[in-house]
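Visitor: Take this structure, written in structure tokens, and hold onto it; I'll ask about it next.
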Amino acid sequence: MPRLLRAAGLVLVPVLLVAGCNSSTAKKSDAPQGSQAASGPGSTDPIKIGGVVSKTSASGYTKKDTDLGAKARFMLANDEGGVNGRKIDYIGAEDDGQDPARTVTAVRKLVQQDKVFAVVPVNTTTISGSADFLQQNKVPYIGWGTLPAFCQKEYGMGYNGCLVPGPGGSVNTSWPGLITAVLGGNAQGKSVALISQDTDAGKFGLRTYQVAFPPGGFTVSYAKATVPGQTVPTDWSPWVNEIMSSNNGKAPDVVVSIMQTPANIGLFTALKRAGYQGMLTDATDYDPALLKQASSKDALQDVQVFVQNMPFESDAPDMAKFKEYISKANGSPVTEWNQSMMVGWNSADLFVSIARKAGPNLTVDSYQAAAQNFQDSYALVGDRKFPQGRKDSFGCGAMVQLKSDQYRITAPYKCYPTVPFT
């Protein structure tokens with residue numbers, strides 16, 4: 001791992017998300033509907049890319065800046081000369097409203113109407129229903145690997161690997177390892193309550209962390225995926241009452257929320273009002289925008305946030321480049337950064353890195369061949385390795401905590417071992 005990685009610390013949890021170029025001709029008349037033709041040798045045609053992002057949702061939670069992050073990274077690639085001399089035509093991300101039916105519509109539009117080479121970035125919890133369609137149409141897709149749609153799929157990839165593996169895969173122990181570091185280096189005898197929403201992402205995340213925490217010495221005293229996924233409860237007392245007595249009638253030492261920001265705000269507020277004194281932690285609430293609203297700022301005070309990328313506070317050259325191009329893509333200076341931007345950027349970066357390795361004659365076949373034997377180390381996410389990443393995650397992360405009006409690093413960026421997923 002590069003030295004700057006080890007010295008840093010950041011973002012994200014514990015899914016993701018056709019073939020061919022913008023103006024090439026079909027390789028075969030019976031190619032799957034939506035697939036793009038392979039470019040001929042020496043082609044300079046733009047490579048058309050589009051994404052699917054939950055820019056809106058019923059709860060009000062938005063991941064819209066994922067689109068900006070991808071746009072910025074593709075802009076950097078084009079400024080560097082493109083992909084082996086070919087520019088990237090990024091047409092932007094479709095908004096699926098975090099609605100399964102709209103996700104299907106968005107994906108089909110990108111493949112069948114827009115004729116994209118790949119769907120990048122994917123940042124929605126409802127991509128699972130479209131994964132088979134993308135597979136059948138041989139359309140590569142990349143996002144944050146927090147869903148089974150990014151695991152053991154021939155055309156799907158998580159930029160930090162598979163975070164919800166099946167049997168035979170492994171689970172990274174970064175989150176429990178970082179919590180242990182914050183607790184002073186010893187988690188033996190500490191109890192942890194795991195809670196998630198009743199969604200595919202929530203259920204698989206819950207299973208993952210039920211495996212990840214015990215090897216570090218934690219006892220899982222509570223693990224439920226019963227919080228509604230589409231609406232935020234107004235009465236949190238059923239969950240608070242269960243959590244507060246889950247540790248043999250007492251409150252657990254740590255409450256781990258595997259949920260999105262609106263639900264975290266509701267749960268953490270209710271737990272604090274109930275007198276909870278232990279550690280509250282999640283993996284989504286590293287966002288300066290949350291400080292602008294008194295309710296979210298108060299609810300998230302002292303919360304330890306698990307992040308899976310280099311933190312924005314880092315002065316590393318790659319972080320400076322990220323910030324420079326976010327502003328450039330935005331068209332005006334940006335002084336606040338969030339995880340969604342990083343999801344878009346890192347998804348796009350993995351695509352660019354693999355496509356460059358595929359060589360000047362970029363086709364879906366050559367791209368897939370490059371993806372099947374890909375390994376590098378990128379400062380913002382750490383070591384990347386495929387095909388291992390289709391069943392294993394890349395186990396690096398940091399912990400940050402909100403104190404008053406700013407985040408501070410409480411456990412620096414570090415890579416932790418993985419454990420078998422059973």
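The chains in the structure tokens are called A, B, ... from first to last as shown; in each chain the residues are counted from 1, and the ligands are counted from 1 in the order shown.
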Per DSSP on the backbone, what are the strand (DSSP E) residues of segment 79-324 of chain A, as a ChimeraX atom specification?

Guide: /A:88-95,118-123,141-143,156-158,170-172,191-197,219-227,254-258,279-282,304-307

Visitor: Fewer than 3 positions away in the same chain doesn't count, so skip those; otherwise give me all residues within 12 Å of Ala101 of chain A, counting only C-alpha atoms, as number ranges by chain.

Guide: A: 95-98, 104-108, 126-130

Visitor: If we count only C-alpha atoms and set the cut-off at 12 Å, which residues sit around Lys357 of chain A, ignoring sequence neighbours fewer than 6 positions away in its own chain? Please answer as a PyMOL selection string.

Guide: chain A and resi 83-84+350-351+363+366-376

Visitor: Would you save the residues of that selection, restricted to N, CA and C atoms, as a PDB file, in the first residue's frame?

Guide:
ATOM      1  N   VAL A  83      -8.882   7.647 -23.550  1.00  0.00           N
ATOM      2  CA  VAL A  83      -8.535   6.246 -23.344  1.00  0.00           C
ATOM      3  C   VAL A  83      -7.857   5.736 -24.612  1.00  0.00           C
ATOM      4  N   ASN A  84      -6.546   5.664 -24.553  1.00  0.00           N
ATOM      5  CA  ASN A  84      -5.770   5.248 -25.728  1.00  0.00           C
ATOM      6  C   ASN A  84      -6.146   6.073 -26.962  1.00  0.00           C
ATOM      7  N   LEU A 350     -12.086   3.423 -12.083  1.00  0.00           N
ATOM      8  CA  LEU A 350     -11.860   2.009 -12.359  1.00  0.00           C
ATOM      9  C   LEU A 350     -12.148   1.693 -13.820  1.00  0.00           C
ATOM     10  N   PHE A 351     -13.227   2.268 -14.362  1.00  0.00           N
ATOM     11  CA  PHE A 351     -13.523   2.029 -15.779  1.00  0.00           C
ATOM     12  C   PHE A 351     -12.379   2.516 -16.664  1.00  0.00           C
ATOM     13  N   THR A 363     -13.106  -3.160 -27.200  1.00  0.00           N
ATOM     14  CA  THR A 363     -14.383  -3.833 -27.392  1.00  0.00           C
ATOM     15  C   THR A 363     -14.832  -4.345 -26.035  1.00  0.00           C
ATOM     16  N   SER A 366     -12.475  -7.166 -25.215  1.00  0.00           N
ATOM     17  CA  SER A 366     -11.133  -6.781 -24.760  1.00  0.00           C
ATOM     18  C   SER A 366     -11.206  -6.120 -23.383  1.00  0.00           C
ATOM     19  N   TYR A 367     -12.280  -5.387 -23.136  1.00  0.00           N
ATOM     20  CA  TYR A 367     -12.474  -4.778 -21.814  1.00  0.00           C
ATOM     21  C   TYR A 367     -12.629  -5.866 -20.751  1.00  0.00           C
ATOM     22  N   GLN A 368     -13.460  -6.872 -21.049  1.00  0.00           N
ATOM     23  CA  GLN A 368     -13.689  -7.957 -20.101  1.00  0.00           C
ATOM     24  C   GLN A 368     -12.417  -8.754 -19.847  1.00  0.00           C
ATOM     25  N   ALA A 369     -11.632  -8.944 -20.887  1.00  0.00           N
ATOM     26  CA  ALA A 369     -10.368  -9.664 -20.725  1.00  0.00           C
ATOM     27  C   ALA A 369      -9.425  -8.892 -19.814  1.00  0.00           C
ATOM     28  N   ALA A 370      -9.380  -7.570 -19.980  1.00  0.00           N
ATOM     29  CA  ALA A 370      -8.532  -6.737 -19.119  1.00  0.00           C
ATOM     30  C   ALA A 370      -9.026  -6.763 -17.678  1.00  0.00           C
ATOM     31  N   ALA A 371     -10.346  -6.767 -17.497  1.00  0.00           N
ATOM     32  CA  ALA A 371     -10.928  -6.781 -16.151  1.00  0.00           C
ATOM     33  C   ALA A 371     -10.662  -8.100 -15.433  1.00  0.00           C
ATOM     34  N   GLN A 372     -10.478  -9.165 -16.192  1.00  0.00           N
ATOM     35  CA  GLN A 372     -10.244 -10.476 -15.596  1.00  0.00           C
ATOM     36  C   GLN A 372      -8.816 -10.660 -15.106  1.00  0.00           C
ATOM     37  N   ASN A 373      -7.975  -9.713 -15.410  1.00  0.00           N
ATOM     38  CA  ASN A 373      -6.581  -9.809 -14.973  1.00  0.00           C
ATOM     39  C   ASN A 373      -6.074  -8.402 -14.673  1.00  0.00           C
ATOM     40  N   PHE A 374      -6.709  -7.777 -13.686  1.00  0.00           N
ATOM     41  CA  PHE A 374      -6.425  -6.374 -13.401  1.00  0.00           C
ATOM     42  C   PHE A 374      -5.939  -6.202 -11.964  1.00  0.00           C
ATOM     43  N   GLN A 375      -4.873  -5.465 -11.797  1.00  0.00           N
ATOM     44  CA  GLN A 375      -4.360  -5.201 -10.461  1.00  0.00           C
ATOM     45  C   GLN A 375      -3.612  -3.878 -10.460  1.00  0.00           C
ATOM     46  N   ASP A 376      -3.914  -3.013  -9.502  1.00  0.00           N
ATOM     47  CA  ASP A 376      -3.161  -1.777  -9.328  1.00  0.00           C
ATOM     48  C   ASP A 376      -3.407  -1.245  -7.924  1.00  0.00           C
TER      49      ASP A 376
END

Visitor: Choose the residue, out of A:Ile409, A:Leu110, A:Leu163, A:Leu134, that has the smallest atom-to-atom separation from Ser314 of chain A; count only C-alpha atoms.

Guide: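 Among A:Ile409, A:Leu110, A:Leu163, A:Leu134, it is A:Ile409 that comes nearest to Ser314 of chain A.
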
Visitor: Taking only segment 154-229 of chain A into account, list the residues labelled helix (DSSP H, G or I) by DSSP (computed from the backbone), as a PyMOL selection string.

Guide: chain A and resi 174-182+200-212+214-216

Visitor: Could you state the separation of atom CA of Ala72 of chain A and atom CA of Ala358 of chain A in Å, given to one decimal place?

Guide: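 Between these atoms lies a distance of 22.0 Å.
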
Visitor: For segment 230-236 of chain A, work out the shell of residues within 6 Å, counting only C-alpha atoms and skipping chain neighbours fewer than 3 positions away, then give it as a list of chain:residue names.

Guide: A:Ser59, A:Trp239, A:Ala263

Visitor: Find the residues of segment 105-187 of chain A that sit at most 9 Å from segment 197-219 of chain A; for each, write down the nearest two atoms and how far apart they are in Å, to one decimal. Count only C-alpha atoms. Sort by chain, then by number going up, and give it as a Markdown table.

Guide:
| residue | atom | partner | partner_atom | distance |
| --- | --- | --- | --- | --- |
| A:Thr125 | CA | A:Ala201 | CA | 6.2 |
| A:Thr126 | CA | A:Asp200 | CA | 8.0 |
| A:Ser128 | CA | A:Asp200 | CA | 8.2 |
| A:Thr146 | CA | A:Ala201 | CA | 6.5 |
| A:Leu147 | CA | A:Ala201 | CA | 5.5 |
| A:Pro148 | CA | A:Phe204 | CA | 7.8 |
| A:Leu163 | CA | A:Thr208 | CA | 7.7 |
| A:Val164 | CA | A:Phe204 | CA | 5.9 |
| A:Pro165 | CA | A:Thr208 | CA | 7.6 |
| A:Val171 | CA | A:Ala212 | CA | 6.3 |
| A:Asn172 | CA | A:Ala212 | CA | 6.8 |
| A:Thr173 | CA | A:Ala212 | CA | 5.4 |
| A:Ser174 | CA | A:Ala212 | CA | 8.6 |
| A:Trp175 | CA | A:Phe213 | CA | 8.3 |
| A:Pro176 | CA | A:Phe213 | CA | 5.6 |
| A:Gly177 | CA | A:Gly216 | CA | 7.0 |
| A:Thr180 | CA | A:Gly216 | CA | 7.9 |
| A:Asn186 | CA | A:Gly217 | CA | 8.0 |
| A:Ala187 | CA | A:Gly217 | CA | 5.3 |

Visitor: What's the separation between atom CA of Ser347 of chain A and atom CA of Gly143 of chain A, in Å to one decimal place?

Guide: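 The value is 5.2 Å.
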
Visitor: Near Tyr222 of chain A, within 10 Å and counting only C-alpha atoms, which residues show up once chain neighbours fewer than 5 positions away are dropped, as a list of chain:residue names?

Guide: A:Ser191, A:Val192, A:Ala193, A:Leu194, A:Ile195, A:Gln210, A:Glu242, A:Ile243, A:Met244, A:Ser245, A:Ser246, A:Asn247, A:Pro252, A:Val255, A:Val256

Visitor: Using N, CA and C atoms, can you export the residues from the last selection as a short mmCIF file (atom, residue, chain, number, x, y, z; two decimals), in the first residue's frame?

Guide:
data_model
loop_
_atom_site.label_atom_id
_atom_site.label_comp_id
_atom_site.auth_asym_id
_atom_site.auth_seq_id
_atom_site.Cartn_x
_atom_site.Cartn_y
_atom_site.Cartn_z
N SER A 191 -19.99 -5.45 23.30
CA SER A 191 -21.20 -5.87 22.59
C SER A 191 -21.56 -4.86 21.52
N VAL A 192 -22.13 -5.36 20.43
CA VAL A 192 -22.49 -4.49 19.32
C VAL A 192 -23.89 -4.83 18.83
N ALA A 193 -24.67 -3.79 18.54
CA ALA A 193 -26.00 -3.96 17.96
C ALA A 193 -25.94 -3.50 16.51
N LEU A 194 -26.41 -4.36 15.60
CA LEU A 194 -26.42 -4.06 14.17
C LEU A 194 -27.86 -3.84 13.72
N ILE A 195 -28.11 -2.75 13.01
CA ILE A 195 -29.46 -2.47 12.55
C ILE A 195 -29.41 -1.96 11.12
N GLN A 210 -22.45 -9.33 10.57
CA GLN A 210 -22.60 -10.37 11.58
C GLN A 210 -21.40 -11.32 11.54
N GLU A 242 -35.72 -2.19 21.91
CA GLU A 242 -35.04 -3.47 21.72
C GLU A 242 -33.53 -3.33 21.86
N ILE A 243 -32.97 -2.28 21.26
CA ILE A 243 -31.53 -2.08 21.32
C ILE A 243 -31.06 -1.81 22.74
N MET A 244 -31.78 -0.96 23.45
CA MET A 244 -31.36 -0.56 24.78
C MET A 244 -31.35 -1.71 25.79
N SER A 245 -32.01 -2.82 25.47
CA SER A 245 -32.02 -3.97 26.39
C SER A 245 -31.41 -5.22 25.74
N SER A 246 -30.73 -5.04 24.61
CA SER A 246 -30.25 -6.19 23.84
C SER A 246 -29.03 -6.88 24.45
N ASN A 247 -28.29 -6.20 25.28
CA ASN A 247 -27.07 -6.75 25.87
C ASN A 247 -27.37 -7.30 27.26
N PRO A 252 -26.02 -2.00 24.47
CA PRO A 252 -24.75 -2.48 23.92
C PRO A 252 -23.68 -1.40 23.97
N VAL A 255 -23.50 0.80 18.74
CA VAL A 255 -24.63 0.64 17.83
C VAL A 255 -24.14 0.95 16.42
N VAL A 256 -24.22 -0.05 15.54
CA VAL A 256 -23.78 0.09 14.16
C VAL A 256 -25.01 0.20 13.26
#

Visitor: Could you list, as a list of chain:residue names, every residue within 8 Å of Ala270 of chain A, counting only C-alpha atoms and ignoring same-chain residues fewer than 4 positions away?

Guide: A:Trp236, A:Ser237, A:Val240, A:Gly266, A:Ala274

Visitor: Which one is closest to Gly69 of chain A: A:Gly344, A:Pro360, A:Pro333, A:Gly189? Count only C-alpha atoms.

Guide: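 Ranked by minimum distance to Gly69 of chain A, first place goes to A:Gly344.
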
Visitor: Name all residues at most 10 Å from Val182 of chain A (count only C-alpha atoms; drop same-chain ones fewer than 6 positions away) and give them as a compact mmCIF listing (two decimals) with C-alpha atoms, in the first residue's frame.

Guide:
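What landed in result-v7.txt:
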# COMPACT_ATOMS: atom_id res chain seq x y z
CA PRO A 176 -14.79 -3.45 13.40
CA MET A 279 -20.64 4.57 20.51
CA GLN A 304 -18.11 7.78 14.35
CA MET A 399 -12.92 6.61 10.94
CA VAL A 400 -14.01 10.24 11.21
CA THR A 410 -10.29 9.42 14.90
CA ALA A 411 -8.69 6.35 13.30
CA PRO A 412 -6.34 6.80 10.31

Visitor: Hey, can you check how far atom CA of Val52 of chain A sits from atom CA of Tyr90 of chain A?

Guide: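 Computing it gives 12.2 Å between the two atoms.
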